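J.: Input: one structure, supplied below.
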Amino acid sequence: MNDKTDDIIAAHRADIHSPPPATVQRWHDALDAAAAAEATRDVPRPRVLQPSSFFLGMAMAAALALGIAIGFFVADEDPVTELPLVAESPRPANAVPGALSRGLQVHFRDSRAQIMSLPEAQDRTMLVLRIIEQNRMFENAATSNDAPKLARVLRAFEPILLQLAADDLAPADAEALQAQLAFELNVMLTKLGAESSDDTQPHDLGNTT
Amino acid sequence: MNRITRLALGTVLLLLATGSLAQTAAGNDADSLRMAALEALITAPPERALPIVDKVLAGNHSAELKERALFILSQIESPESQARLLAFASDSQGELRTEAIRMIGIGGDETALASLGDIYRSGDAGVRDAVLEAYLIAGDADAVFDIATSTQDEEAFSNAVGMLGAMGAHTQLRELRNRAGLSDSLIEAYAISGDADSLRELAMNDSNPAMQLKAIEALGIVGGADVSQLLVDLYRRTTNDDVRDSALQGMLIAGHDAGVLELYRNAKDAAEKRRLLEYLVIMDSDAVWDLIDTALEGAQ
């Protein structure tokens with residue numbers, strides 16, 4: 001039995017199912033490639049929320065967040081000896097991982113679209129609660145990836161979202177909260193987009209305390 | 001500076017600094033254009049963005065536009081931007097003030113956050129809530145702990161403890177028990193923060209019956225396999241009806257119908273069986289129809 005098999009058995013005994021870092025790196029690279037391919041396509045987004053696109057967005061965001069989470073959880077483990085299949089690109093210190101940045105852009109874009117086309121009362125409550133759930137997931141990812149500034153912004157959305165989730169909210173108040181969230185989400189999208197498209201600078205989006 | 005940034009800055013300067021558009025365009029259109037211009041400022045270097053944000057904040061603009069400008073200020077990483085936020089948090093009124101406090105939380109600047117303590121002490125209820133929220137955003141549990149330990153006001157204490165619960169601040173909440181003693185709000189905060197260990201300890205301690213019962217029910221909020229089993233064990237081991245009621249309430253809150261079903265099957269007393277069956281009906285347990293069928297057959 002070789003060392004690698006021993007490692008796998010040991011991992012199962014310890015109930016650790018995390019993949020080796022090189023594999024995770026390949027997943028990240030695959031995500032990078034997929035995102036780059038997606039960015040080259042200029043497909044106009046529908047203005048009205050479609051349920052299928054909502055769930056697709058949720059699924060994509062969840063997949064990206066999963067990638068981020070895996071990256072975080074395997075970071076502290078002992079490296080497993082394996083020949084690298086791809087050249088690993090070193091990330092500058094204090095830089096936000098590309099997967100997190102892209103995942104957040106999806107989250108911000110979807111949240112904005114959903115918030116701008118919220119239904120009335122009870123349906124609105126359910127939808128906003130889902131946005132809060134997504135938001136918390138990304139807040140955890142930002143914290144795990146040492147991006148406290150992004151984590152703070154995400155945390156700041158939650159009290160407003162909770163107000164918006166109230167089913168007894170007056171229409172004018174709901175409109176004001178929607179406008180505020182849309183603006184703040186837009187600003188963060190612009191910021192993330194500008195910084196991630198600037199290849200000459202490290203992506204220091206959220207690490208400054 | 002790249003071309004897009006220069007273009008954005010030019011647009012912003014045109015729209016915000018001169019205000020000429022406001023005189024010619026309809027009010028709503030002008031406002032939405034100003035919002036878009038403000039949004040574009042996020043791509044500008046701090047030294048260029050800051051003077052423009054200053055003009056917006058000092059100008060005769062709507063409160064809404066100024067609040068948006070405060071958000072831009074929170075995203076500008078410079079001591080000057082934090083100083084301006086602090087000035088607004090200290091000197092302005094109403095929503096503009098509470099929004100500035102929120103932005104200090106987002107900014108996360110330690111000096112500005114520390115200054116919120118004074119603003120909390122001199123502020124009204126709205127300002128105090130805003131300060132607690134800012135500390136939540138900044139993840140500054142120690143600052144909330146300081147408020148909880150220094151206040152003499154019961155409601156302020158309860159609000160601070162609740163915020164610590166929302167922040168999952170186990171350490172600070174446990175320390176509060178040593179300093180301020182046990183209270184309803186503290187037990188609720190243990191539940192909200194998911195501190196099953198503290199609640200388990202209180203649930204096993206019958207020296208303060210009221211707090212013990214509250215802790216048992218609060219365990220249901222935490223939930224999970226271990227907690228659910230603990231609630232079943234507490235029910236089984238005690239002869240105290242109040243403890244049994246609280247354990248059942250805890251199982252109801254946790255949705256642990258399997259535990260109630262187990263208790264039902266082991267119960268010998270008809271009155272107890274009836275009570276447990278009532279809980280299973282309330283919990284909409286899948287097993288309840290079989291039980292009712294069996295109970296009816298047994299009664300025939």
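Labeling convention for the structure tokens: chains A, B, ... as they appear, residues from 1 per chain, ligands from 1 in order of appearance.
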Near chain B, meaning an atom within 6 Å, which residues of chain A appear when counting only C-alpha atoms? Write them as a PyMOL selection string.

T.: chain A and resi 152-153+155-156+187

J.: DSSP says helix (DSSP H, G or I) for which residues of segment 205-295 of chain B? Put them as an MDAnalysis selection string?

T.: chainID B and resid 209:222 225:237 241:254 257:266 270:282 288:295

J.: Neighbours of Met163 of chain B within 12 Å (only C-alpha atoms; same-chain residues fewer than 6 positions away dropped), as number ranges by chain?

T.: A: 159; B: 128-137, 139-145, 147-148, 156-157, 169-170, 172-173, 185-186, 188-190, 192-193

J.: Could you save those same residues with N, CA and C atoms as a CSV table (one decimal), in the first residue's frame?

T.:
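Resulting contents of result-v6.csv:
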chain,number,residue,atom,x,y,z
A,159,PRO,N,-29.2,44.3,8.7
A,159,PRO,CA,-30.3,45.0,9.4
A,159,PRO,C,-31.3,45.6,8.4
B,128,ARG,N,-28.5,55.3,20.4
B,128,ARG,CA,-27.9,54.1,21.1
B,128,ARG,C,-28.1,52.8,20.3
B,129,ASP,N,-29.3,52.7,19.6
B,129,ASP,CA,-29.5,51.5,18.8
B,129,ASP,C,-28.5,51.5,17.6
B,130,ALA,N,-28.3,52.7,17.0
B,130,ALA,CA,-27.4,52.8,15.9
B,130,ALA,C,-26.0,52.4,16.3
B,131,VAL,N,-25.6,52.9,17.5
B,131,VAL,CA,-24.2,52.6,17.9
B,131,VAL,C,-24.1,51.1,18.1
B,132,LEU,N,-25.1,50.4,18.7
B,132,LEU,CA,-25.0,49.0,18.9
B,132,LEU,C,-24.9,48.3,17.5
B,133,GLU,N,-25.7,48.8,16.6
B,133,GLU,CA,-25.7,48.2,15.2
B,133,GLU,C,-24.3,48.4,14.6
B,134,ALA,N,-23.7,49.5,14.8
B,134,ALA,CA,-22.4,49.8,14.2
B,134,ALA,C,-21.4,48.8,14.8
B,135,TYR,N,-21.5,48.6,16.1
B,135,TYR,CA,-20.5,47.6,16.7
B,135,TYR,C,-20.8,46.2,16.1
B,136,LEU,N,-22.0,45.9,15.9
B,136,LEU,CA,-22.4,44.6,15.3
B,136,LEU,C,-21.7,44.5,13.9
B,137,ILE,N,-21.8,45.5,13.1
B,137,ILE,CA,-21.3,45.5,11.8
B,137,ILE,C,-19.7,45.4,11.8
B,139,GLY,N,-18.1,44.0,14.2
B,139,GLY,CA,-17.7,42.8,14.9
B,139,GLY,C,-17.0,43.1,16.2
B,140,ASP,N,-17.3,44.3,16.8
B,140,ASP,CA,-16.6,44.7,18.0
B,140,ASP,C,-17.4,44.3,19.3
B,141,ALA,N,-17.3,43.1,19.6
B,141,ALA,CA,-18.0,42.5,20.8
B,141,ALA,C,-17.6,43.2,22.1
B,142,ASP,N,-16.3,43.5,22.2
B,142,ASP,CA,-15.8,44.1,23.4
B,142,ASP,C,-16.4,45.4,23.7
B,143,ALA,N,-16.7,46.2,22.7
B,143,ALA,CA,-17.3,47.5,22.8
B,143,ALA,C,-18.7,47.3,23.4
B,144,VAL,N,-19.4,46.3,22.8
B,144,VAL,CA,-20.8,46.1,23.3
B,144,VAL,C,-20.8,45.6,24.7
B,145,PHE,N,-19.8,44.8,25.0
B,145,PHE,CA,-19.6,44.3,26.4
B,145,PHE,C,-19.4,45.4,27.4
B,147,ILE,N,-20.5,48.5,27.1
B,147,ILE,CA,-21.7,49.1,27.3
B,147,ILE,C,-22.6,48.4,28.3
B,148,ALA,N,-22.6,47.0,28.1
B,148,ALA,CA,-23.5,46.2,29.0
B,148,ALA,C,-23.0,46.3,30.4
B,156,ALA,N,-31.2,49.2,28.4
B,156,ALA,CA,-30.0,49.3,27.6
B,156,ALA,C,-29.1,48.1,27.8
B,157,PHE,N,-29.1,47.6,29.0
B,157,PHE,CA,-28.4,46.3,29.3
B,157,PHE,C,-29.0,45.2,28.5
B,169,ALA,N,-21.2,36.1,20.7
B,169,ALA,CA,-20.0,36.5,21.6
B,169,ALA,C,-20.1,35.6,22.9
B,170,HIS,N,-19.8,34.4,22.8
B,170,HIS,CA,-19.8,33.5,23.9
B,170,HIS,C,-19.0,34.0,25.1
B,172,GLN,N,-17.8,36.9,26.0
B,172,GLN,CA,-18.4,38.1,26.6
B,172,GLN,C,-19.6,37.8,27.4
B,173,LEU,N,-20.5,37.0,26.9
B,173,LEU,CA,-21.7,36.6,27.5
B,173,LEU,C,-21.5,35.8,28.8
B,185,SER,N,-32.6,38.1,29.9
B,185,SER,CA,-32.0,38.5,28.6
B,185,SER,C,-30.7,37.8,28.4
B,186,LEU,N,-30.0,37.4,29.4
B,186,LEU,CA,-28.8,36.7,29.3
B,186,LEU,C,-29.0,35.3,28.8
B,188,GLU,N,-31.6,34.3,27.0
B,188,GLU,CA,-32.0,34.5,25.6
B,188,GLU,C,-30.8,34.6,24.7
B,189,ALA,N,-29.9,35.4,25.2
B,189,ALA,CA,-28.7,35.7,24.4
B,189,ALA,C,-27.8,34.4,24.3
B,190,TYR,N,-27.8,33.6,25.3
B,190,TYR,CA,-27.1,32.3,25.2
B,190,TYR,C,-27.7,31.5,24.1
B,192,ILE,N,-29.6,32.6,21.5
B,192,ILE,CA,-29.4,33.2,20.2
B,192,ILE,C,-28.0,32.9,19.7
B,193,SER,N,-27.0,33.0,20.6
B,193,SER,CA,-25.6,32.8,20.2
B,193,SER,C,-25.3,31.3,20.1

J.: Please provide the set of residues having any atom within 12 Å of Asn240 of chain B, restricted to only C-alpha atoms, with same-chain residues fewer than 4 positions apart removed, written as number ranges by chain.

T.: B: 206, 209, 212-213, 234-236, 244-247

J.: For atom CA of Phe108 of chain A and atom CA of Leu185 of chain A, quote the distance in Å rounded to one decimal.

T.: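 A separation of 5.7 Å between them.
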
J.: Between A:Arg112, A:Arg102, A:His107, A:Arg136, which one has atoms that come closest to Glu184 of chain A, using only C-alpha atoms?

T.: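 Using only C-alpha atoms, Glu184 of chain A sits closest to A:Arg112.
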
J.: Could you tell me how far atom CA of Glu99 of chain B lies from atom CA of Glu133 of chain A, in Å and to one decimal?

T.: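 Atom-to-atom, atom CA of Glu99 of chain B and atom CA of Glu133 of chain A are spaced 23.8 Å apart.
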
J.: Please list as a compact mmCIF listing (two decimals) with N, CA and C atoms, in the first residue's frame every residue within 12 Å of Pro119 of chain A, counting only C-alpha atoms and excluding residues in the same chain fewer than 5 positions away.

T.:
# COMPACT_ATOMS: atom_id res chain seq x y z
N VAL A 48 -36.67 41.54 -15.41
CA VAL A 48 -37.61 40.96 -14.45
C VAL A 48 -37.03 39.66 -13.92
N LEU A 49 -37.16 39.47 -12.63
CA LEU A 49 -36.62 38.26 -12.00
C LEU A 49 -37.34 37.02 -12.49
N GLN A 114 -33.17 41.09 -7.41
CA GLN A 114 -34.29 40.59 -6.61
C GLN A 114 -34.93 41.71 -5.80
N ARG A 124 -42.64 38.75 -0.30
CA ARG A 124 -41.44 39.57 -0.16
C ARG A 124 -40.62 39.08 1.04
N THR A 125 -41.32 38.81 2.13
CA THR A 125 -40.63 38.34 3.34
C THR A 125 -39.81 37.10 3.05
N MET A 126 -40.42 36.13 2.38
CA MET A 126 -39.71 34.88 2.10
C MET A 126 -38.49 35.11 1.21
N LEU A 127 -38.66 35.95 0.21
CA LEU A 127 -37.56 36.21 -0.71
C LEU A 127 -36.42 36.94 -0.02
N VAL A 128 -36.78 37.93 0.81
CA VAL A 128 -35.73 38.68 1.51
C VAL A 128 -34.99 37.78 2.50
N LEU A 164 -36.63 45.19 5.71
CA LEU A 164 -37.37 44.98 4.45
C LEU A 164 -38.20 43.69 4.51
N ALA A 165 -37.78 42.76 5.33
CA ALA A 165 -38.50 41.49 5.43
C ALA A 165 -39.79 41.61 6.24
N ASP A 167 -43.39 42.14 7.35
CA ASP A 167 -44.57 42.10 6.47
C ASP A 167 -45.52 43.28 6.70
N PRO A 171 -45.47 50.76 2.20
CA PRO A 171 -44.88 50.75 0.86
C PRO A 171 -43.79 51.80 0.66
N ALA A 174 -40.69 50.67 2.38
CA ALA A 174 -40.08 49.56 1.62
C ALA A 174 -39.33 50.11 0.41
N GLU A 175 -39.94 51.09 -0.24
CA GLU A 175 -39.31 51.68 -1.42
C GLU A 175 -37.99 52.36 -1.05
N GLN A 178 -35.40 49.72 -0.36
CA GLN A 178 -34.97 49.11 -1.62
C GLN A 178 -33.99 50.02 -2.35

J.: I'd like the neighbourhood of Arg237 of chain B as an mmCIF file with C-alpha atoms, in the first residue's frame, where a residue qualifies if any of its atoms comes within 12 Å (using only C-alpha atoms), though same-chain residues fewer than 6 positions away should be ignored.

T.:
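What landed in part.cif:
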data_model
loop_
_atom_site.group_PDB
_atom_site.id
_atom_site.type_symbol
_atom_site.label_atom_id
_atom_site.label_comp_id
_atom_site.auth_asym_id
_atom_site.auth_seq_id
_atom_site.Cartn_x
_atom_site.Cartn_y
_atom_site.Cartn_z
ATOM 1 C CA MET B 204 -28.989 21.012 35.316
ATOM 2 C CA LEU B 230 -30.461 16.174 26.719
ATOM 3 C CA LEU B 231 -34.062 17.407 26.712
ATOM 4 C CA VAL B 243 -39.143 20.751 34.450
ATOM 5 C CA ARG B 244 -41.015 18.193 32.359
ATOM 6 C CA ALA B 247 -38.340 19.999 28.486
ATOM 7 C CA LEU B 263 -41.377 9.287 25.630
#
